[in-house]
file coords.pdb (PDB, C-alpha atoms)
ATOM      1  CA  MET A   1      11.673  -9.692   3.918  1.00  0.00           C
ATOM      2  CA  GLU A   2      14.533  -8.542   1.688  1.00  0.00           C
ATOM      3  CA  LYS A   3      12.161  -7.335  -1.056  1.00  0.00           C
ATOM      4  CA  LEU A   4      10.089  -5.499   1.575  1.00  0.00           C
ATOM      5  CA  CYS A   5      13.195  -3.679   2.862  1.00  0.00           C
ATOM      6  CA  HIS A   6      14.162  -2.615  -0.657  1.00  0.00           C
ATOM      7  CA  ALA A   7      10.611  -1.415  -1.381  1.00  0.00           C
ATOM      8  CA  ILE A   8      10.516   0.596   1.875  1.00  0.00           C
ATOM      9  CA  LEU A   9      13.829   2.274   1.085  1.00  0.00           C
ATOM     10  CA  TRP A  10      12.786   3.023  -2.493  1.00  0.00           C
ATOM     11  CA  ILE A  11       9.526   4.681  -1.364  1.00  0.00           C
ATOM     12  CA  LEU A  12      11.277   6.682   1.365  1.00  0.00           C
ATOM     13  CA  GLU A  13      13.986   7.794  -1.067  1.00  0.00           C
ATOM     14  CA  LYS A  14      11.274   9.171  -3.383  1.00  0.00           C
ATOM     15  CA  SER A  15       9.559  10.938  -0.436  1.00  0.00           C
ATOM     16  CA  PRO A  16      11.744  13.943   0.476  1.00  0.00           C
ATOM     17  CA  ASN A  17       9.539  14.877   3.460  1.00  0.00           C
ATOM     18  CA  GLY A  18       9.570  11.338   4.806  1.00  0.00           C
ATOM     19  CA  ARG A  19       6.490   9.197   5.487  1.00  0.00           C
ATOM     20  CA  ASN A  20       4.711   8.082   8.604  1.00  0.00           C
ATOM     21  CA  ARG A  21       4.323   4.374   9.269  1.00  0.00           C
ATOM     22  CA  LEU A  22       0.666   4.124   8.186  1.00  0.00           C
ATOM     23  CA  ASP A  23       1.197   6.058   4.944  1.00  0.00           C
ATOM     24  CA  LEU A  24       4.178   3.820   4.194  1.00  0.00           C
ATOM     25  CA  ALA A  25       2.045   0.719   4.855  1.00  0.00           C
ATOM     26  CA  LYS A  26      -0.649   1.986   2.476  1.00  0.00           C
ATOM     27  CA  LEU A  27       1.882   2.850  -0.246  1.00  0.00           C
ATOM     28  CA  LEU A  28       3.328  -0.648  -0.013  1.00  0.00           C
ATOM     29  CA  TYR A  29      -0.166  -2.174  -0.202  1.00  0.00           C
ATOM     30  CA  TYR A  30      -1.206  -0.124  -3.237  1.00  0.00           C
ATOM     31  CA  SER A  31       2.130  -0.803  -4.962  1.00  0.00           C
ATOM     32  CA  ASP A  32       1.707  -4.528  -4.400  1.00  0.00           C
ATOM     33  CA  GLY A  33      -1.927  -4.325  -5.518  1.00  0.00           C
ATOM     34  CA  VAL A  34      -1.230  -2.453  -8.750  1.00  0.00           C
ATOM     35  CA  HIS A  35       1.630  -4.829  -9.571  1.00  0.00           C
ATOM     36  CA  PHE A  36      -0.629  -7.812  -8.808  1.00  0.00           C
ATOM     37  CA  GLN A  37      -3.303  -6.476 -11.164  1.00  0.00           C
ATOM     38  CA  LYS A  38      -0.841  -6.281 -14.025  1.00  0.00           C
ATOM     39  CA  HIS A  39       1.388  -9.293 -13.407  1.00  0.00           C
ATOM     40  CA  ALA A  40      -0.458 -11.577 -10.916  1.00  0.00           C
ATOM     41  CA  THR A  41       2.519 -11.278  -8.531  1.00  0.00           C
ATOM     42  CA  MET A  42       3.236  -8.945  -5.633  1.00  0.00           C
ATOM     43  CA  ILE A  43       6.406  -6.890  -5.284  1.00  0.00           C
ATOM     44  CA  THR A  44       7.052  -7.665  -1.602  1.00  0.00           C
ATOM     45  CA  THR A  45       5.433 -11.141  -1.595  1.00  0.00           C
ATOM     46  CA  GLY A  46       4.266 -10.392   1.957  1.00  0.00           C
ATOM     47  CA  ILE A  47       1.023 -10.857   3.837  1.00  0.00           C
ATOM     48  CA  TYR A  48      -1.172  -7.854   4.644  1.00  0.00           C
ATOM     49  CA  ILE A  49      -3.695  -7.636   7.471  1.00  0.00           C
ATOM     50  CA  HIS A  50      -6.610  -5.239   7.884  1.00  0.00           C
ATOM     51  CA  LEU A  51      -5.954  -2.999  10.890  1.00  0.00           C
ATOM     52  CA  GLU A  52      -8.412  -0.345  12.065  1.00  0.00           C
ATOM     53  CA  ASP A  53      -6.828   2.386   9.986  1.00  0.00           C
ATOM     54  CA  SER A  54      -4.949   0.747   7.126  1.00  0.00           C
ATOM     55  CA  PRO A  55      -3.826  -2.361   5.298  1.00  0.00           C
ATOM     56  CA  TYR A  56      -0.607  -3.359   7.052  1.00  0.00           C
ATOM     57  CA  PRO A  57       2.261  -5.638   5.996  1.00  0.00           C
ATOM     58  CA  VAL A  58       2.779  -8.226   8.748  1.00  0.00           C
ATOM     59  CA  LYS A  59       6.582  -7.908   8.522  1.00  0.00           C
ATOM     60  CA  LEU A  60       6.674  -4.071   8.365  1.00  0.00           C
ATOM     61  CA  ASN A  61       7.755  -3.449  11.973  1.00  0.00           C
ATOM     62  CA  GLU A  62      10.499  -6.067  11.711  1.00  0.00           C
ATOM     63  CA  ALA A  63      11.743  -4.516   8.451  1.00  0.00           C
ATOM     64  CA  LEU A  64      11.695  -0.972   9.885  1.00  0.00           C
ATOM     65  CA  LEU A  65      13.644  -2.110  12.957  1.00  0.00           C
ATOM     66  CA  PHE A  66      16.237  -3.839  10.746  1.00  0.00           C
ATOM     67  CA  LEU A  67      16.607  -0.770   8.479  1.00  0.00           C
ATOM     68  CA  LYS A  68      16.932   1.600  11.443  1.00  0.00           C
ATOM     69  CA  GLU A  69      19.509  -0.587  13.212  1.00  0.00           C
ATOM     70  CA  LYS A  70      21.604  -0.780  10.022  1.00  0.00           C
ATOM     71  CA  GLY A  71      21.452   3.015   9.519  1.00  0.00           C
ATOM     72  CA  HIS A  72      19.360   2.986   6.315  1.00  0.00           C
ATOM     73  CA  ILE A  73      16.452   5.006   7.744  1.00  0.00           C
ATOM     74  CA  ASP A  74      15.847   7.456  10.553  1.00  0.00           C
ATOM     75  CA  ALA A  75      12.706   7.926  12.631  1.00  0.00           C
ATOM     76  CA  SER A  76      12.046  11.379  14.057  1.00  0.00           C
ATOM     77  CA  PRO A  77       9.027  12.564  16.056  1.00  0.00           C
ATOM     78  CA  VAL A  78       6.495  14.843  14.370  1.00  0.00           C
ATOM     79  CA  ILE A  79       5.822  17.600  16.921  1.00  0.00           C
ATOM     80  CA  SER A  80       2.856  19.964  16.751  1.00  0.00           C
ATOM     81  CA  ALA A  81       0.921  22.147  19.196  1.00  0.00           C
ATOM     82  CA  LYS A  82      -0.886  18.976  20.310  1.00  0.00           C
ATOM     83  CA  GLY A  83       2.372  17.208  21.160  1.00  0.00           C
ATOM     84  CA  ILE A  84       4.014  14.297  19.368  1.00  0.00           C
ATOM     85  CA  GLN A  85       1.856  13.283  16.397  1.00  0.00           C
ATOM     86  CA  GLY A  86       3.670  10.112  15.387  1.00  0.00           C
ATOM     87  CA  PHE A  87       7.012   9.598  13.691  1.00  0.00           C
ATOM     88  CA  SER A  88       8.402  10.464  10.301  1.00  0.00           C
ATOM     89  CA  LEU A  89      10.515   7.814   8.590  1.00  0.00           C
ATOM     90  CA  ARG A  90      13.279   9.202   6.384  1.00  0.00           C
ATOM     91  CA  PHE A  91      15.694   7.633   3.911  1.00  0.00           C
ATOM     92  CA  LEU A  92      19.406   7.831   4.851  1.00  0.00           C
ATOM     93  CA  LYS A  93      21.281   5.380   2.606  1.00  0.00           C
ATOM     94  CA  PRO A  94      20.454   2.527   0.224  1.00  0.00           C
ATOM     95  CA  ILE A  95      21.110  -1.169   0.731  1.00  0.00           C
ATOM     96  CA  ASP A  96      23.737  -2.501  -1.660  1.00  0.00           C
ATOM     97  CA  GLY A  97      22.409  -4.539  -4.574  1.00  0.00           C
ATOM     98  CA  LEU A  98      18.926  -3.135  -5.190  1.00  0.00           C
ATOM     99  CA  ILE A  99      16.751  -6.084  -6.171  1.00  0.00           C
ATOM    100  CA  LEU A 100      13.706  -4.244  -7.516  1.00  0.00           C
ATOM    101  CA  SER A 101      13.033  -4.633 -11.218  1.00  0.00           C
ATOM    102  CA  ARG A 102      12.446  -1.702 -13.535  1.00  0.00           C
ATOM    103  CA  GLU A 103       8.722  -2.564 -13.734  1.00  0.00           C
ATOM    104  CA  GLU A 104       8.409  -2.797  -9.939  1.00  0.00           C
ATOM    105  CA  LYS A 105      10.018   0.637  -9.550  1.00  0.00           C
ATOM    106  CA  ARG A 106       7.730   2.055 -12.260  1.00  0.00           C
ATOM    107  CA  VAL A 107       4.611   0.766 -10.490  1.00  0.00           C
ATOM    108  CA  MET A 108       5.818   2.073  -7.120  1.00  0.00           C
ATOM    109  CA  MET A 109       6.595   5.484  -8.637  1.00  0.00           C
ATOM    110  CA  LYS A 110       3.067   5.674 -10.056  1.00  0.00           C
ATOM    111  CA  VAL A 111       1.613   5.016  -6.594  1.00  0.00           C
ATOM    112  CA  VAL A 112       3.975   7.448  -4.823  1.00  0.00           C
ATOM    113  CA  GLU A 113       3.121  10.171  -7.353  1.00  0.00           C
ATOM    114  CA  ALA A 114      -0.613   9.595  -6.785  1.00  0.00           C
ATOM    115  CA  PHE A 115      -0.044  10.350  -3.088  1.00  0.00           C
ATOM    116  CA  ARG A 116       2.613  13.071  -2.963  1.00  0.00           C
ATOM    117  CA  GLY A 117       1.466  14.241   0.478  1.00  0.00           C
ATOM    118  CA  LYS A 118      -0.587  12.145   2.868  1.00  0.00           C
ATOM    119  CA  VAL A 119      -2.267   9.010   1.584  1.00  0.00           C
ATOM    120  CA  VAL A 120      -5.879  10.210   1.384  1.00  0.00           C
ATOM    121  CA  ASP A 121      -8.788   9.721  -0.997  1.00  0.00           C
ATOM    122  CA  GLU A 122      -7.637   6.198  -1.767  1.00  0.00           C
ATOM    123  CA  SER A 123     -11.044   5.122  -3.070  1.00  0.00           C
ATOM    124  CA  ARG A 124     -10.695   7.713  -5.831  1.00  0.00           C
ATOM    125  CA  HIS A 125      -7.266   6.541  -6.994  1.00  0.00           C
ATOM    126  CA  TYR A 126      -7.557   2.777  -6.499  1.00  0.00           C
ATOM    127  CA  PRO A 127     -11.235   1.917  -5.816  1.00  0.00           C
ATOM    128  CA  ASN A 128     -10.919  -1.846  -6.319  1.00  0.00           C
ATOM    129  CA  LEU A 129      -7.833  -2.166  -4.087  1.00  0.00           C
ATOM    130  CA  TYR A 130      -9.416   0.081  -1.464  1.00  0.00           C
ATOM    131  CA  GLU A 131     -12.547  -2.073  -1.390  1.00  0.00           C
ATOM    132  CA  ASN A 132     -10.457  -5.254  -1.283  1.00  0.00           C
ATOM    133  CA  TYR A 133      -8.939  -4.041   1.975  1.00  0.00           C
ATOM    134  CA  VAL A 134     -12.085  -2.421   3.439  1.00  0.00           C
ATOM    135  CA  VAL A 135     -14.337  -5.473   2.970  1.00  0.00           C
ATOM    136  CA  THR A 136     -11.772  -7.745   4.638  1.00  0.00           C
ATOM    137  CA  PRO A 137     -12.694  -8.308   8.316  1.00  0.00           C
ATOM    138  CA  LEU A 138     -10.468  -6.608  10.907  1.00  0.00           C
ATOM    139  CA  TYR A 139      -7.262  -8.498  11.729  1.00  0.00           C
ATOM    140  CA  ASP A 140      -7.796 -10.926   8.856  1.00  0.00           C
ATOM    141  CA  SER A 141      -5.282 -11.265   6.060  1.00  0.00           C
ATOM    142  CA  ILE A 142      -6.169  -9.273   2.958  1.00  0.00           C
ATOM    143  CA  PRO A 143      -6.370 -11.696   0.033  1.00  0.00           C
ATOM    144  CA  PHE A 144      -4.480 -11.060  -3.172  1.00  0.00           C
ATOM    145  CA  ALA A 145      -6.207 -13.410  -5.576  1.00  0.00           C
ATOM    146  CA  ILE A 146      -7.211 -13.102  -9.201  1.00  0.00           C
ATOM    147  CA  GLU A 147     -10.790 -13.914  -8.192  1.00  0.00           C
ATOM    148  CA  ARG A 148     -10.861 -11.020  -5.692  1.00  0.00           C
ATOM    149  CA  ILE A 149      -8.883  -8.309  -7.465  1.00  0.00           C
ATOM    150  CA  ASN A 150      -9.918  -7.363 -10.968  1.00  0.00           C
ATOM    151  CA  THR A 151      -8.185  -4.746 -13.108  1.00  0.00           C
ATOM    152  CA  LYS A 152     -11.485  -2.919 -13.690  1.00  0.00           C
ATOM    153  CA  ILE A 153     -13.623  -3.358 -10.595  1.00  0.00           C
ATOM    154  CA  HIS A 154     -13.477  -5.346  -7.407  1.00  0.00           C
ATOM    155  CA  VAL A 155     -15.983  -8.188  -7.467  1.00  0.00           C
ATOM    156  CA  LEU A 156     -18.040  -8.136  -4.278  1.00  0.00           C
ATOM    157  CA  VAL A 157     -20.800 -10.311  -2.946  1.00  0.00           C
ATOM    158  CA  GLN A 158     -23.054  -7.245  -2.555  1.00  0.00           C
ATOM    159  CA  LYS A 159     -24.082  -4.075  -4.400  1.00  0.00           C
ATOM    160  CA  SER A 160     -21.950  -1.008  -3.848  1.00  0.00           C
ATOM    161  CA  LEU A 161     -21.652   2.629  -4.807  1.00  0.00           C
ATOM    162  CA  LEU A 162     -18.298   4.032  -5.847  1.00  0.00           C
ATOM    163  CA  GLN A 163     -17.381   7.683  -5.973  1.00  0.00           C
ATOM    164  CA  LEU A 164     -15.244   8.187  -9.100  1.00  0.00           C
ATOM    165  CA  SER A 165     -14.140  11.575 -10.422  1.00  0.00           C
ATOM    166  CA  GLY A 166     -16.987  13.356  -8.658  1.00  0.00           C
ATOM    167  CA  LYS A 167     -19.654  11.262 -10.406  1.00  0.00           C
ATOM    168  CA  MET A 168     -21.688   8.517  -8.844  1.00  0.00           C
ATOM    169  CA  PHE A 169     -21.630   5.154 -10.560  1.00  0.00           C
ATOM    170  CA  ARG A 170     -23.797   2.283  -9.487  1.00  0.00           C
ATOM    171  CA  VAL A 171     -21.813  -0.887  -9.795  1.00  0.00           C
ATOM    172  CA  LEU A 172     -23.700  -4.138  -9.847  1.00  0.00           C
ATOM    173  CA  PHE A 173     -21.848  -7.142  -8.635  1.00  0.00           C
ATOM    174  CA  GLU A 174     -22.433 -10.810  -9.104  1.00  0.00           C
ATOM    175  CA  ARG A 175     -21.614 -13.346  -6.475  1.00  0.00           C
ATOM    176  CA  SER A 176     -18.007 -14.365  -6.931  1.00  0.00           C
ATOM    177  CA  PRO A 177     -17.213 -18.098  -7.197  1.00  0.00           C
ATOM    178  CA  GLU A 178     -16.292 -19.592  -3.840  1.00  0.00           C
TER     179      GLU A 178
END
call {"tool": "encode", "arguments": {"input": "coords.pdb", "output": "structure tokens"}}
result
Amino acid sequence: MEKLCHAILWILEKSPNGRNRLDLAKLLYYSDGVHFQKHATMITTGIYIHLEDSPYPVKLNEALLFLKEKGHIDASPVISAKGIQGFSLRFLKPIDGLILSREEKRVMMKVVEAFRGKVVDESRHYPNLYENYVVTPLYDSIPFAIERINTKIHVLVQKSLLQLSGKMFRVLFERSPE
């Protein structure tokens, strides 16, 4: 969980307006996914599950509670005309002894820069990682495996259409080895 805490703090530090919990979960997932594509290892080494609205690190709530109790982050309500619309997580202070490598920080910065505001249009930025999470059944763990995540396209058991840069591409898939 230590790596997860450091990754959370790093993302929040690079997000001056803070992040809500779901956007943070997605940023962690895409950071881990991009790093996995390049190095066959994840940054946080955690398990992700497919919730209704996002990929979600299993240990995220525990990490957020730890960071809040230790004074590293703050959670403040987001208030609009409709009432409280969730909570914004904000960076307060780092943990001593940052354990993220230069490459891990570079990958995370690339993901954070792709989603400066809310994390939307994920299938345009990371279509293979998006599909990896979407095709996983609800409440199942999202697999990070070389057979499932390819650096070019996600290998599915079915045919699919991907929307990339405003153009439609038909992607034909072959049955992946089981």
call {"tool": "resolve_selection", "arguments": {"input": "coords.pdb", "expression": "the PyMOL selection byres ((chain A and resi 41) around 12)", "output": "list in words"}}
result
Ser31, Asp32, Gly33, Val34, His35, Phe36, Gln37, Lys38, His39, Ala40, Met42, Ile43, Thr44, Thr45, Gly46, Glu103, Glu104, Phe144, Ala145, Ile146 and Ile149 of chain A
call {"tool": "residues_around", "arguments": {"input": "coords.pdb", "residues": "region 16-21 of chain A", "least_positions_apart": "3", "cutoff": "8 Å", "atoms": "only C-alpha atoms", "output": "list in words"}}
result
Leu12, Glu13, Leu24, Ala25, Gly86, Phe87, Ser88, Leu89, Arg90 and Phe91 of chain A
call {"tool": "resolve_selection", "arguments": {"input": "coords.pdb", "expression": "the PyMOL selection byres ((chain A and resi 9) around 9)", "output": "list of chain:residue names"}}
result
A:Leu4, A:Cys5, A:His6, A:Ala7, A:Ile8, A:Trp10, A:Ile11, A:Leu12, A:Glu13, A:Lys14, A:Leu67, A:His72, A:Ile73, A:Arg90, A:Phe91, A:Leu92, A:Lys93, A:Pro94, A:Ile95
call {"tool": "resolve_selection", "arguments": {"input": "coords.pdb", "expression": "the PyMOL selection byres ((chain A and resi 113) around 12)", "output": "list in words"}}
result
Ile11, Lys14, Ser15, Leu27, Tyr30, Ser31, Lys105, Arg106, Val107, Met108, Met109, Lys110, Val111, Val112, Ala114, Phe115, Arg116, Gly117, Lys118, Val119 and His125 of chain A
call {"tool": "axis_aligned_box", "arguments": {"input": "coords.pdb", "around": "region 84-102 of chain A", "padding_each_side": "8 Å", "output": "lines of an AutoDock Vina configuration file"}}
result
center_x = 12.8
center_y = 4.1
center_z = 2.9
size_x = 37.9
size_y = 36.4
size_z = 48.9
call {"tool": "residues_around", "arguments": {"input": "coords.pdb", "residues": "Gln85 (chain A)", "least_positions_apart": "5", "cutoff": "12 Å", "atoms": "only C-alpha atoms", "output": "list in words"}}
result
Asn20, Arg21, Ser76, Pro77, Val78, Ile79 and Ser80 of chain A
call {"tool": "atom_distance", "arguments": {"input": "coords.pdb", "atom1": "CA of Asp23 (chain A)", "atom2": "CA of Glu122 (chain A)"}}
result
11.1 Å
call {"tool": "atom_distance", "arguments": {"input": "coords.pdb", "atom1": "CA of Pro143 (chain A)", "atom2": "CA of Phe66 (chain A)"}}
result
26.2 Å
call {"tool": "closest_residue", "arguments": {"input": "coords.pdb", "among": "A:Leu98, A:Lys70, A:Lys82, A:Glu62", "to": "Lys3 (chain A)", "atoms": "only C-alpha atoms"}}
result
A:Leu98
call {"tool": "closest_residue", "arguments": {"input": "coords.pdb", "among": "A:Lys26, A:Ile47, A:Asp74, A:Glu2", "to": "Tyr126 (chain A)", "atoms": "all atoms listed in the file"}}
result
A:Lys26
call {"tool": "atom_distance", "arguments": {"input": "coords.pdb", "atom1": "CA of Asn132 (chain A)", "atom2": "CA of Arg148 (chain A)"}}
result
7.3 Å
call {"tool": "closest_residue", "arguments": {"input": "coords.pdb", "among": "A:Val58, A:Met1, A:Leu22, A:Ala81", "to": "Ile142 (chain A)", "atoms": "all atoms listed in the file"}}
result
A:Val58
call {"tool": "closest_residue", "arguments": {"input": "coords.pdb", "among": "A:Val135, A:Ala63, A:Ile49, A:Ile84", "to": "Tyr29 (chain A)", "atoms": "all atoms listed in the file"}}
result
A:Ile49
call {"tool": "closest_residue", "arguments": {"input": "coords.pdb", "among": "A:Val120, A:Leu100, A:Leu28, A:Leu64", "to": "Tyr48 (chain A)", "atoms": "all atoms listed in the file"}}
result
A:Leu28
call {"tool": "closest_residue", "arguments": {"input": "coords.pdb", "among": "A:Ser141, A:Leu65, A:Arg102, A:Tyr133", "to": "Asp53 (chain A)", "atoms": "all atoms listed in the file"}}
result
A:Tyr133
